[in-house]
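So this one's entry.txt, compact mmCIF, C-alpha atoms:
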```
# COMPACT_ATOMS: atom_id res chain seq x y z
CA MET T 1 -214.65 -83.51 122.88
CA ALA T 2 -213.47 -83.22 119.29
CA LYS T 3 -215.11 -85.58 116.85
CA ALA T 4 -212.57 -87.93 115.28
CA PRO T 5 -212.18 -87.41 111.53
CA ARG T 6 -213.36 -90.21 109.27
CA TRP T 7 -209.85 -91.06 108.14
CA GLU T 8 -208.46 -91.51 111.64
CA PRO T 9 -208.90 -95.33 111.76
CA ALA T 10 -206.70 -95.65 108.68
CA TYR T 11 -204.09 -93.48 110.34
CA CYS T 12 -204.22 -95.61 113.52
CA GLU T 13 -203.77 -98.73 111.45
CA PHE T 14 -200.73 -97.23 109.75
CA PHE T 15 -199.30 -96.17 113.10
CA ALA T 16 -199.66 -99.69 114.48
CA ALA T 17 -198.05 -101.21 111.41
CA ARG T 18 -195.09 -98.84 111.15
CA GLN T 19 -194.35 -97.43 114.59
CA ARG T 20 -191.80 -100.08 115.47
CA SER T 21 -189.93 -100.07 112.20
CA PHE T 22 -189.78 -96.26 112.15
CA LEU T 23 -188.38 -96.32 115.66
CA ARG T 24 -185.66 -98.76 114.58
CA THR T 25 -184.77 -96.65 111.57
CA ALA T 26 -184.61 -93.49 113.66
CA TYR T 27 -182.45 -95.28 116.21
CA ALA T 28 -180.08 -96.46 113.48
CA MET T 29 -179.82 -92.88 112.22
CA LEU T 30 -179.61 -91.03 115.51
CA GLY T 31 -177.86 -93.49 117.81
CA THR T 32 -179.97 -92.97 120.92
CA TRP T 33 -183.33 -94.40 121.83
CA SER T 34 -184.65 -91.12 123.27
CA ALA T 35 -183.77 -89.17 120.11
CA ALA T 36 -185.35 -91.94 118.04
CA GLU T 37 -188.55 -91.74 120.07
CA ASP T 38 -188.70 -87.97 119.63
CA ALA T 39 -188.10 -88.17 115.88
CA THR T 40 -190.68 -90.91 115.47
CA GLN T 41 -193.23 -88.96 117.46
CA GLN T 42 -192.59 -85.81 115.41
CA THR T 43 -193.00 -87.83 112.25
CA PHE T 44 -196.33 -89.31 113.24
CA VAL T 45 -197.63 -85.94 114.42
CA ALA T 46 -196.66 -84.40 111.08
CA LEU T 47 -198.31 -87.31 109.28
CA TYR T 48 -201.52 -86.86 111.21
CA ALA T 49 -201.64 -83.16 110.35
CA ARG T 50 -201.35 -83.96 106.64
CA TRP T 51 -203.00 -87.35 106.45
CA PRO T 52 -206.09 -86.39 104.39
CA ARG T 53 -203.85 -84.95 101.70
CA ILE T 54 -201.51 -87.90 101.34
CA SER T 55 -202.30 -90.25 98.53
CA PRO T 56 -202.96 -93.72 100.04
CA ASP T 57 -200.64 -95.47 97.62
CA LYS T 58 -197.79 -93.09 98.53
CA VAL T 59 -198.22 -92.90 102.26
CA ASP T 60 -195.43 -95.36 103.05
CA ALA T 61 -192.80 -93.57 100.98
CA TYR T 62 -194.04 -90.19 102.14
CA ALA T 63 -193.92 -91.20 105.81
CA ARG T 64 -190.38 -92.50 105.47
CA ARG T 65 -189.30 -89.28 103.77
CA VAL T 66 -190.70 -87.30 106.66
CA LEU T 67 -188.95 -89.60 109.12
CA VAL T 68 -185.60 -89.33 107.36
CA ASN T 69 -185.89 -85.55 107.01
CA THR T 70 -186.83 -85.27 110.67
CA CYS T 71 -183.77 -87.31 111.61
CA PHE T 72 -181.59 -85.13 109.38
CA ALA T 73 -182.92 -82.06 111.17
CA VAL T 74 -182.22 -83.60 114.60
CA TYR T 75 -178.76 -84.57 113.44
CA ARG T 76 -178.02 -81.04 112.24
CA ARG T 77 -179.34 -79.44 115.40
CA ARG T 78 -176.98 -81.39 117.57
CA GLY T 79 -174.08 -80.42 115.35
CA ARG T 80 -172.84 -83.83 114.22
CA GLU T 81 -172.23 -84.74 117.82
CA VAL T 82 -171.46 -88.43 118.04
CA LEU T 83 -173.82 -90.04 120.46
CA VAL T 84 -173.70 -93.62 121.50
CA ASP T 85 -176.54 -94.88 123.60
CA HIS T 86 -176.15 -97.08 126.59
CA VAL T 87 -175.92 -100.53 125.07
CA PRO T 88 -177.99 -103.08 126.98
CA ASP T 89 -175.67 -105.71 128.35
CA ARG T 90 -177.33 -109.06 127.80
CA GLY T 91 -174.60 -111.29 129.06
CA ALA T 92 -171.58 -112.12 126.98
CA THR T 93 -168.99 -109.38 127.18
CA GLU T 94 -167.70 -110.02 123.69
CA GLU T 95 -171.15 -109.48 122.18
CA HIS T 96 -171.56 -106.35 124.26
CA GLU T 97 -168.25 -105.01 122.97
CA GLU T 98 -169.24 -105.81 119.39
CA ARG T 99 -172.51 -103.91 119.72
CA LEU T 100 -170.76 -100.95 121.27
CA ALA T 101 -168.17 -101.01 118.50
CA LEU T 102 -170.86 -101.00 115.84
CA LEU T 103 -172.72 -98.09 117.38
CA THR T 104 -169.48 -96.18 117.78
CA ALA T 105 -168.65 -96.91 114.14
CA LEU T 106 -172.09 -95.74 113.06
CA GLY T 107 -171.49 -92.55 114.99
CA GLN T 108 -168.60 -91.82 112.66
CA LEU T 109 -170.78 -91.96 109.55
CA ASP T 110 -172.66 -88.95 108.28
CA ALA T 111 -176.43 -88.76 108.40
CA ARG T 112 -176.93 -89.70 104.77
CA ASP T 113 -174.80 -92.83 105.09
CA ARG T 114 -176.77 -93.87 108.13
CA ALA T 115 -180.04 -93.26 106.31
CA VAL T 116 -178.99 -95.39 103.35
CA LEU T 117 -177.89 -98.24 105.59
CA ALA T 118 -181.05 -98.14 107.69
CA LEU T 119 -183.38 -98.07 104.71
CA ARG T 120 -181.53 -100.76 102.79
CA PHE T 121 -180.61 -103.18 105.56
CA LEU T 122 -183.06 -102.57 108.41
CA GLU T 123 -186.15 -101.72 106.41
CA ASP T 124 -185.06 -104.08 103.62
CA LEU T 125 -186.21 -101.61 101.01
CA PRO T 126 -185.18 -102.04 97.39
CA VAL T 127 -182.87 -99.48 95.81
CA VAL T 128 -185.73 -97.93 93.85
CA ASP T 129 -187.69 -97.18 97.03
CA VAL T 130 -184.66 -95.79 98.83
CA ALA T 131 -183.98 -93.57 95.84
CA GLN T 132 -187.51 -92.23 96.02
CA ILE T 133 -187.35 -91.59 99.75
CA LEU T 134 -183.98 -89.83 99.60
CA ASP T 135 -184.78 -88.11 96.32
CA LEU T 136 -181.64 -89.50 94.71
CA PRO T 137 -180.97 -91.37 91.45
CA GLU T 138 -180.85 -95.15 91.86
CA GLY T 139 -177.20 -95.24 90.82
CA THR T 140 -176.34 -92.79 93.57
CA VAL T 141 -178.12 -94.95 96.14
CA LYS T 142 -176.13 -97.99 95.00
CA SER T 143 -172.80 -96.20 95.17
CA GLN T 144 -173.69 -94.53 98.46
CA THR T 145 -174.66 -97.89 99.96
CA SER T 146 -171.39 -99.37 98.87
CA ARG T 147 -169.39 -96.44 100.26
CA ALA T 148 -171.36 -96.45 103.53
CA LEU T 149 -170.64 -100.15 104.05
CA ALA T 150 -166.97 -99.58 103.29
CA ARG T 151 -166.82 -96.71 105.76
CA LEU T 152 -168.57 -98.80 108.38
CA GLN T 153 -166.13 -101.62 107.77
CA THR T 154 -163.23 -99.21 108.09
CA ALA T 155 -164.63 -97.70 111.27
CA LEU T 156 -165.09 -101.15 112.77
CA ASN T 157 -161.62 -102.19 111.76
CA PRO T 158 -159.44 -99.10 111.40
CA THR T 159 -156.44 -101.07 110.12
CA ARG T 160 -158.40 -101.97 106.98
CA LYS T 161 -158.24 -99.21 104.40
CA GLU T 162 -161.40 -97.94 102.80
CA PRO T 163 -161.42 -98.91 99.14
CA THR T 164 -161.45 -96.02 96.72
CA SER T 165 -164.35 -95.93 94.29
CA MET C 1 -170.63 -112.56 108.66
CA ASN C 2 -170.16 -109.56 106.38
CA VAL C 3 -170.54 -106.00 107.55
CA ALA C 4 -174.13 -105.62 106.29
CA GLU C 5 -175.22 -108.75 108.15
CA HIS C 6 -173.37 -107.61 111.26
CA TYR C 7 -175.14 -104.25 111.04
CA ARG C 8 -178.54 -105.82 110.61
CA SER C 9 -178.19 -108.44 113.33
CA THR C 10 -176.73 -106.01 115.87
CA LEU C 11 -179.46 -103.42 115.38
CA ASP C 12 -182.06 -106.17 115.44
CA GLU C 13 -180.74 -107.33 118.79
CA LEU C 14 -180.52 -103.80 120.16
CA THR C 15 -184.07 -102.86 119.23
CA ARG C 16 -186.03 -106.11 119.22
CA ASP C 17 -187.47 -106.19 122.71
CA ARG C 18 -186.80 -102.64 123.71
CA PRO C 19 -189.85 -100.97 125.26
CA GLY C 20 -190.91 -97.46 124.46
CA GLY C 21 -191.87 -95.45 121.45
CA PRO C 22 -194.53 -92.82 121.00
CA ALA C 23 -198.03 -93.60 122.17
CA LEU C 24 -200.85 -93.46 119.67
CA SER C 25 -202.87 -91.18 121.94
CA ALA C 26 -199.97 -88.73 122.16
CA VAL C 27 -199.41 -88.47 118.42
CA ILE C 28 -203.12 -88.09 117.73
CA ALA C 29 -203.37 -85.34 120.34
CA GLY C 30 -200.31 -83.63 118.84
CA GLY C 31 -201.63 -84.07 115.31
CA ARG C 32 -205.03 -82.63 116.14
CA ARG C 33 -203.41 -79.68 117.84
CA ARG C 34 -201.24 -79.03 114.81
CA ARG C 35 -204.21 -79.21 112.46
CA ARG C 36 -206.07 -76.68 114.59
CA VAL C 37 -203.05 -74.35 114.65
CA ARG C 38 -202.63 -74.59 110.90
CA ARG C 39 -206.27 -73.76 110.26
CA THR C 40 -206.07 -70.77 112.58
CA ALA C 41 -202.81 -69.62 110.99
CA TRP C 42 -204.18 -69.80 107.45
CA VAL C 43 -207.29 -67.83 108.26
CA GLY C 44 -205.40 -65.30 110.37
CA ALA C 45 -202.83 -64.82 107.63
CA GLY C 46 -205.59 -64.15 105.14
CA VAL C 47 -207.07 -61.44 107.29
CA ALA C 48 -203.65 -59.87 107.86
CA ALA C 49 -202.89 -60.05 104.15
CA ALA C 50 -206.08 -58.21 103.31
CA ALA C 51 -205.20 -55.51 105.84
CA VAL C 52 -201.71 -55.01 104.41
CA ALA C 53 -203.01 -54.86 100.86
CA THR C 54 -205.56 -52.23 101.83
CA VAL C 55 -202.90 -50.09 103.48
CA ALA C 56 -200.83 -50.28 100.32
CA GLY C 57 -203.77 -49.23 98.21
CA VAL C 58 -203.93 -52.48 96.35
CA SER C 59 -207.34 -53.91 95.60
CA LEU C 60 -207.57 -57.63 95.87
CA ALA C 61 -209.04 -59.52 92.99
CA GLN C 62 -210.90 -61.96 95.18
CA ASP C 63 -212.94 -61.97 98.35
CA SER C 64 -211.90 -63.34 101.70
CA SER C 65 -213.68 -66.63 101.12
CA SER C 66 -210.82 -67.65 98.87
CA VAL C 67 -208.40 -67.85 101.80
CA ALA C 68 -206.82 -71.28 101.75
CA VAL C 69 -207.51 -73.45 104.72
CA ASP C 70 -206.43 -76.94 105.56
CA PRO C 71 -208.94 -78.74 103.38
CA GLY C 72 -209.89 -81.78 105.43
CA PRO C 73 -210.94 -85.05 103.88
CA SER C 74 -213.42 -83.74 101.35
CA GLY C 75 -212.95 -80.02 101.25
CA ARG C 76 -210.95 -77.56 99.26
CA PRO C 77 -208.23 -78.37 96.78
CA SER C 78 -204.96 -79.42 98.31
CA TYR C 79 -201.43 -78.40 97.43
CA HIS C 80 -198.81 -80.75 96.17
CA ASP C 81 -196.21 -81.62 98.77
CA PHE C 82 -193.00 -80.95 96.88
CA VAL C 83 -190.77 -81.04 99.96
CA ALA C 84 -191.66 -83.70 102.50
CA GLY C 85 -191.30 -82.58 106.08
CA SER C 86 -191.56 -78.89 105.26
CA GLU C 87 -194.70 -76.79 105.11
CA VAL C 88 -193.09 -73.84 103.35
CA ASP C 89 -193.81 -75.31 99.92
CA GLU C 90 -197.48 -75.57 100.70
CA THR C 91 -197.59 -72.12 102.28
CA MET C 92 -196.14 -70.63 99.08
CA GLN C 93 -198.68 -72.44 96.94
CA ALA C 94 -201.51 -71.29 99.19
CA ALA C 95 -200.35 -67.67 98.99
CA VAL C 96 -200.11 -67.83 95.20
CA ALA C 97 -203.50 -69.53 94.91
CA ASP C 98 -204.99 -66.83 97.08
CA ARG C 99 -203.59 -63.93 95.05
CA LEU C 100 -203.59 -65.50 91.60
CA PRO C 101 -206.56 -67.87 91.67
CA GLU C 102 -206.57 -68.27 87.90
CA LEU C 103 -203.19 -70.02 87.95
CA GLY C 104 -202.94 -73.79 87.77
CA ALA C 105 -200.82 -75.94 90.04
CA ALA C 106 -197.18 -75.11 90.66
CA THR C 107 -194.75 -77.01 88.47
CA ASP C 108 -192.11 -77.02 91.18
CA VAL C 109 -191.40 -75.60 94.62
CA TYR C 110 -187.99 -76.03 96.15
CA PRO C 111 -185.54 -74.70 98.74
CA SER C 112 -182.25 -73.18 97.70
CA ASP C 113 -179.58 -70.88 99.07
CA TRP C 114 -177.39 -67.93 98.09
CA ASN C 115 -174.82 -70.13 96.48
CA HIS C 116 -177.18 -72.17 94.32
CA THR C 117 -179.87 -71.56 91.76
CA GLU C 118 -180.95 -75.19 91.80
CA PRO C 119 -182.62 -76.98 94.72
CA ILE C 120 -180.59 -77.92 97.76
CA ALA C 121 -181.07 -81.20 99.62
CA ASP C 122 -181.66 -79.90 103.13
CA PHE C 123 -184.61 -77.57 103.32
CA ALA C 124 -183.70 -76.62 106.90
CA ASP C 125 -180.62 -74.83 105.55
CA ALA C 126 -182.53 -72.90 102.90
CA THR C 127 -182.01 -69.17 102.58
CA GLU C 128 -184.34 -69.04 99.57
CA TRP C 129 -187.50 -70.74 98.39
CA HIS C 130 -188.69 -70.80 94.78
CA ALA C 131 -192.12 -71.64 93.36
CA LEU C 132 -192.60 -72.04 89.61
CA TYR C 133 -195.77 -71.76 87.55
CA ASP C 134 -196.70 -72.00 83.90
CA VAL C 135 -199.10 -69.10 83.41
CA SER C 136 -199.60 -69.84 79.71
CA GLY C 137 -197.66 -71.27 76.81
CA THR C 138 -195.63 -68.06 76.63
CA GLU C 139 -195.59 -66.87 80.23
CA ARG C 140 -193.84 -68.34 83.26
CA LEU C 141 -193.87 -67.11 86.83
CA ARG C 142 -191.25 -67.63 89.49
CA VAL C 143 -191.97 -66.56 93.06
CA VAL C 144 -188.90 -66.22 95.25
CA MET C 145 -188.42 -65.49 98.93
CA SER C 146 -184.93 -64.90 100.22
CA GLU C 147 -183.19 -64.01 103.42
CA ALA C 148 -180.92 -60.98 103.47
CA ILE C 149 -177.29 -61.91 102.95
CA PRO C 150 -175.40 -60.88 106.09
CA GLY C 151 -173.28 -57.82 105.53
CA GLN C 152 -174.54 -57.15 102.04
CA PRO C 153 -176.97 -54.30 101.39
CA VAL C 154 -180.14 -55.09 99.45
CA GLU C 155 -181.01 -52.85 96.50
CA ALA C 156 -184.49 -51.52 97.13
CA GLY C 157 -185.00 -48.99 94.40
CA CYS C 158 -185.04 -48.30 90.69
CA ASP C 159 -181.42 -47.21 90.40
CA GLY C 160 -179.68 -49.11 87.69
CA ILE C 161 -182.65 -51.12 86.51
CA GLU C 162 -184.72 -48.52 84.67
CA GLN C 163 -184.54 -48.95 80.91
CA ALA C 164 -185.56 -46.64 78.12
CA ASP C 165 -188.96 -48.10 77.32
CA VAL C 166 -189.60 -49.95 80.57
CA PRO C 167 -190.71 -47.86 83.51
CA CYS C 168 -189.73 -48.58 87.09
CA ARG C 169 -192.02 -47.65 89.93
CA ARG C 170 -190.98 -47.53 93.56
CA ASP C 171 -193.34 -47.35 96.52
CA GLU C 172 -192.46 -47.03 100.16
CA LEU C 173 -195.01 -48.71 102.38
CA PRO C 174 -195.99 -47.78 105.93
CA ASP C 175 -194.34 -50.92 107.33
CA GLY C 176 -190.95 -49.72 106.12
CA SER C 177 -190.78 -52.04 103.14
CA VAL C 178 -190.14 -50.93 99.58
CA VAL C 179 -191.88 -52.38 96.53
CA THR C 180 -190.49 -51.85 93.05
CA ARG C 181 -192.06 -52.87 89.75
CA SER C 182 -189.89 -52.90 86.69
CA GLY C 183 -188.99 -54.98 83.67
CA TYR C 184 -186.19 -55.77 81.31
CA LEU C 185 -185.28 -57.77 78.27
CA LEU C 186 -184.16 -61.14 79.55
CA GLY C 187 -183.17 -62.91 76.36
CA ALA C 188 -183.64 -62.72 72.63
CA SER C 189 -187.43 -62.67 72.88
CA THR C 190 -188.27 -62.88 76.56
CA TYR C 191 -189.23 -59.95 78.73
CA ARG C 192 -189.23 -60.10 82.49
CA PHE C 193 -191.78 -58.25 84.63
CA LEU C 194 -190.18 -57.93 88.03
CA THR C 195 -191.94 -57.08 91.27
CA VAL C 196 -189.75 -56.93 94.36
CA ARG C 197 -190.58 -56.23 97.96
CA VAL C 198 -187.68 -55.57 100.29
CA ALA C 199 -188.76 -55.62 103.92
CA ALA C 200 -187.21 -53.37 106.52
CA ASP C 201 -185.09 -56.30 107.72
CA GLY C 202 -183.83 -57.05 104.21
CA PHE C 203 -186.07 -60.07 103.57
CA VAL C 204 -186.93 -60.12 99.88
CA THR C 205 -190.08 -61.42 98.21
CA GLU C 206 -190.22 -61.17 94.44
CA THR C 207 -192.07 -62.32 91.36
CA LEU C 208 -190.26 -62.85 88.09
CA ASP C 209 -192.88 -63.04 85.37
CA ASP C 210 -191.25 -63.96 82.05
CA VAL C 211 -193.20 -63.39 78.86
CA GLN C 212 -192.09 -64.41 75.39
CA ALA C 213 -192.68 -61.58 72.93
CA GLN C 214 -190.93 -59.61 70.22
CA SER C 215 -191.17 -56.24 71.98
CA TRP C 216 -191.99 -54.74 75.35
CA PRO C 217 -195.43 -53.49 74.21
CA ALA C 218 -196.18 -56.95 72.79
CA ALA C 219 -195.11 -58.53 76.06
CA GLU C 220 -197.33 -56.17 78.00
CA ALA C 221 -200.23 -56.94 75.71
CA SER C 222 -199.92 -60.69 76.02
CA ARG C 223 -199.08 -60.78 79.72
CA GLN C 224 -201.86 -62.42 81.69
CA LEU C 225 -200.84 -61.38 85.19
CA THR C 226 -201.02 -57.80 86.38
CA ASP C 227 -198.74 -55.63 88.48
CA ALA C 228 -201.55 -55.28 91.02
CA GLN C 229 -201.65 -59.03 91.48
CA THR C 230 -197.90 -59.49 91.78
CA THR C 231 -197.71 -56.48 94.10
CA ALA C 232 -200.32 -58.04 96.36
CA LEU C 233 -198.53 -61.36 96.24
CA VAL C 234 -195.11 -60.04 97.28
CA GLN C 235 -196.77 -58.37 100.27
CA ASP C 236 -198.47 -61.55 101.43
CA PRO C 237 -197.44 -61.93 105.09
CA THR C 238 -197.54 -65.72 104.89
CA LEU C 239 -194.59 -65.65 102.50
CA THR C 240 -191.92 -66.35 105.02
CA PHE C 241 -189.82 -69.30 106.13
CA PRO C 242 -187.68 -70.30 109.10
CA ALA C 243 -184.12 -69.05 109.36
CA PRO C 244 -181.58 -71.65 108.21
CA VAL C 245 -180.26 -74.04 110.82
CA HIS C 246 -176.81 -73.64 109.34
CA THR C 247 -176.27 -70.38 107.51
CA PRO C 248 -174.29 -71.03 104.33
CA PRO C 249 -171.26 -68.89 103.53
CA SER C 250 -172.22 -65.58 101.97
CA PRO C 251 -171.57 -65.29 98.25
CA ARG C 252 -169.14 -62.62 97.14
CA PRO C 253 -170.85 -59.33 96.40
CA GLN C 254 -171.39 -58.78 92.71
CA ALA C 255 -169.04 -56.23 91.20
```
Translate this structure into C-alpha cells?
Amino acid sequence: MAKAPRWEPAYCEFFAARQRSFLRTAYAMLGTWSAAEDATQQTFVALYARWPRISPDKVDAYARRVLVNTCFAVYRRRGREVLVDHVPDRGATEEHEERLALLTALGQLDARDRAVLALRFLEDLPVVDVAQILDLPEGTVKSQTSRALARLQTALNPTRKEPTS
Amino acid sequence: MNVAEHYRSTLDELTRDRPGGPALSAVIAGGRRRRRVRRTAWVGAGVAAAAVATVAGVSLAQDSSSVAVDPGPSGRPSYHDFVAGSEVDETMQAAVADRLPELGAATDVYPSDWNHTEPIADFADATEWHALYDVSGTERLRVVMSEAIPGQPVEAGCDGIEQADVPCRRDELPDGSVVTRSGYLLGASTYRFLTVRVAADGFVTETLDDVQAQSWPAAEASRQLTDAQTTALVQDPTLTFPAPVHTPPSPRPQA
C-alpha cells in the first residue's frame, strides 16, 4: 500500500472545506449536476497531483482557476450545447417554473458570463479575487458582471431590452 | 428581488441539500495515479530525449540525473505554474531546464495561436506555446512550439534565410525531421540566432535567441547559449502539446 505523503492531511482538509462550494460553482457554470460532479472531481485530482508545488497562501485562488478552466473545457467540448438539468420539484409550481426559467436563462449565457456570476454571487468573492482567478483586469470583471446580469435579466424577461454599455 | 438575488437564492435552493459530489477517496486515488504517471512520463521522456540526441550526433551538456521529475514535498526545484489547469507550461520549463540548466526561471510561458502573437485566454485552443527567458542583460530566449497550419506548407530549409555573413545549416534527421540553424539581423542592434526543427508531420519547435550587439561576430562572441544546446532543445520529445479543441481559422499565407 502506498505511503500517504506528508502533505495529504492538508489536502484532505482543503477538500472538505471547498468540495461543496466548488460543486455549486461548477453547477452554476455547467447547468447539470453530473457535469458539475465530473468537473469538480477533475479539479481535485489535478490539485492533488500538484499540491506540493502550490503555495499555501495561493491555493484557494489556484484551485478556483483550475475549476473554472476545467468548466470552460467541458463547456467547449460539448459545443455550447444548452443543458438544463432536471429541476427538483419541491412543491409550489410557480417556484418550480421560476427555477427552470433561471436555469434556461443561464443556459443562454456564455461560459465566461456564467463564471463571473458564479464567482461573484455564489462564492461571494470580491472583484479583485475574481479578476485574479479569471486573469482579467478588475474593470473588466466589473463591466462583465454588469453585462452578465443584464443578459440574465433579458433572458428571464425577453420583453425587456438589454441596456447598451 | 433583483436579478442577482434571484440568481443566488435559486441556485442556493437547487444545490443546498442535493446529495452527491466526488468522494475524497476517489480524488486521492486519481491524484496518486496521476502523480505516478507524471513521474514515469518525465523519466521516460528524459531517456527518449537522450536517445534522440545521440542519433542526431548532439552531445548533451548534462548527465541523465538532471532529468526533471515531479519534485515532491521537499525535492527538486519546481516550475512556476503560468497557466492553471494546463501542464504544458511546466513541461516546457522542464525541457528547457534539462537542456539549458544554466538558465534561470522562465519570465513567461503562455498559449497562443496562428492569429495572435500575444497570449490567448483558452489554452485548450492553443496552436502554439511560447516560453520566454532572460539569458543575460543582452540576450533573450524564446522557445516556441507550433502546430502545422492546415493546408500551408512549412519551410524546412535554408532557402531565403541565408544572409551574407550568417551561415545557415540544415540537417535531416533519421526520424524525418529537419533542423536548421541560422541567424539574421532583427533590429538596429539585435541579432537573432534561430534554430528550427520541423517534424515530418509539420509540427515546429524553435528557439529564437536574440542577442544585442553591434555586429554578427560581436553577437556570436557575447552569446551565452550554443547551437548544440538549442539543437538538443528543439529535438526534445517532451516538447509537444494537445491538439486544439477548436482549431482557429488559418491565417492567410504570407506573400
* **Test item: chain C residues at most 7 Å from chain T, counting all atoms listed in the file, as a ChimeraX atom specification** => /C:3-4,8,10,15,21-22,27-28,30-32,34-35,72-73,78,84-85,124
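One finds CA of Tyr110 in chain C at 21.0 Å from CA of Arg192 in chain C.
The space separating CA of Ala105 in chain C from CA of Glu138 in chain T comes to 27.8 Å.
A straight line drawn from CA of Tyr75 in chain T to CA of Asn157 in chain T is 24.6 Å long.
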Answer as a JSON list (two decimals) with C-alpha atoms, in the frame of the given file, residues within 8 Å of (-190.8, -68.7, 91.1) using all atoms listed in the file:
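Done, and the output landed in out-v5.json:
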```
[["chain", "number", "residue", "atom", "x", "y", "z"],
["C", 109, "VAL", "CA", -191.40, -75.60, 94.62],
["C", 130, "HIS", "CA", -188.69, -70.80, 94.78],
["C", 131, "ALA", "CA", -192.12, -71.64, 93.36],
["C", 132, "LEU", "CA", -192.60, -72.04, 89.61],
["C", 133, "TYR", "CA", -195.77, -71.76, 87.55],
["C", 141, "LEU", "CA", -193.87, -67.11, 86.83],
["C", 142, "ARG", "CA", -191.25, -67.63, 89.49],
["C", 143, "VAL", "CA", -191.97, -66.56, 93.06],
["C", 144, "VAL", "CA", -188.90, -66.22, 95.25],
["C", 207, "THR", "CA", -192.07, -62.32, 91.36],
["C", 208, "LEU", "CA", -190.26, -62.85, 88.09]]
```
List the spatial neighbours of Pro217 in chain C as a CSV table (one decimal) with C-alpha atoms, in the coordinates of the input - criterion: any atom at most 12 Å away, all atoms listed in the file, same-chain residues fewer than 4 positions off excluded.
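Generated file (out39.csv):
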```
chain,number,residue,atom,x,y,z
C,165,ASP,CA,-189.0,-48.1,77.3
C,166,VAL,CA,-189.6,-50.0,80.6
C,167,PRO,CA,-190.7,-47.9,83.5
C,183,GLY,CA,-189.0,-55.0,83.7
C,184,TYR,CA,-186.2,-55.8,81.3
C,185,LEU,CA,-185.3,-57.8,78.3
C,191,TYR,CA,-189.2,-60.0,78.7
C,211,VAL,CA,-193.2,-63.4,78.9
C,212,GLN,CA,-192.1,-64.4,75.4
C,213,ALA,CA,-192.7,-61.6,72.9
C,221,ALA,CA,-200.2,-56.9,75.7
C,222,SER,CA,-199.9,-60.7,76.0
C,223,ARG,CA,-199.1,-60.8,79.7
```
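Distance annotation: of C:Gln152, C:Arg140, C:Met145, C:Ala228, the residue with the minimal separation from Arg181 in chain C is C:Ala228; atom set is only C-alpha atoms.
Taking all atoms listed in the file, the non-local environment of Val179 in chain C within 7 Å (same-chain residues fewer than 6 positions away omitted) comprises Arg170, Asp171, Glu172, Val196, Arg197 and Val198 of chain C.
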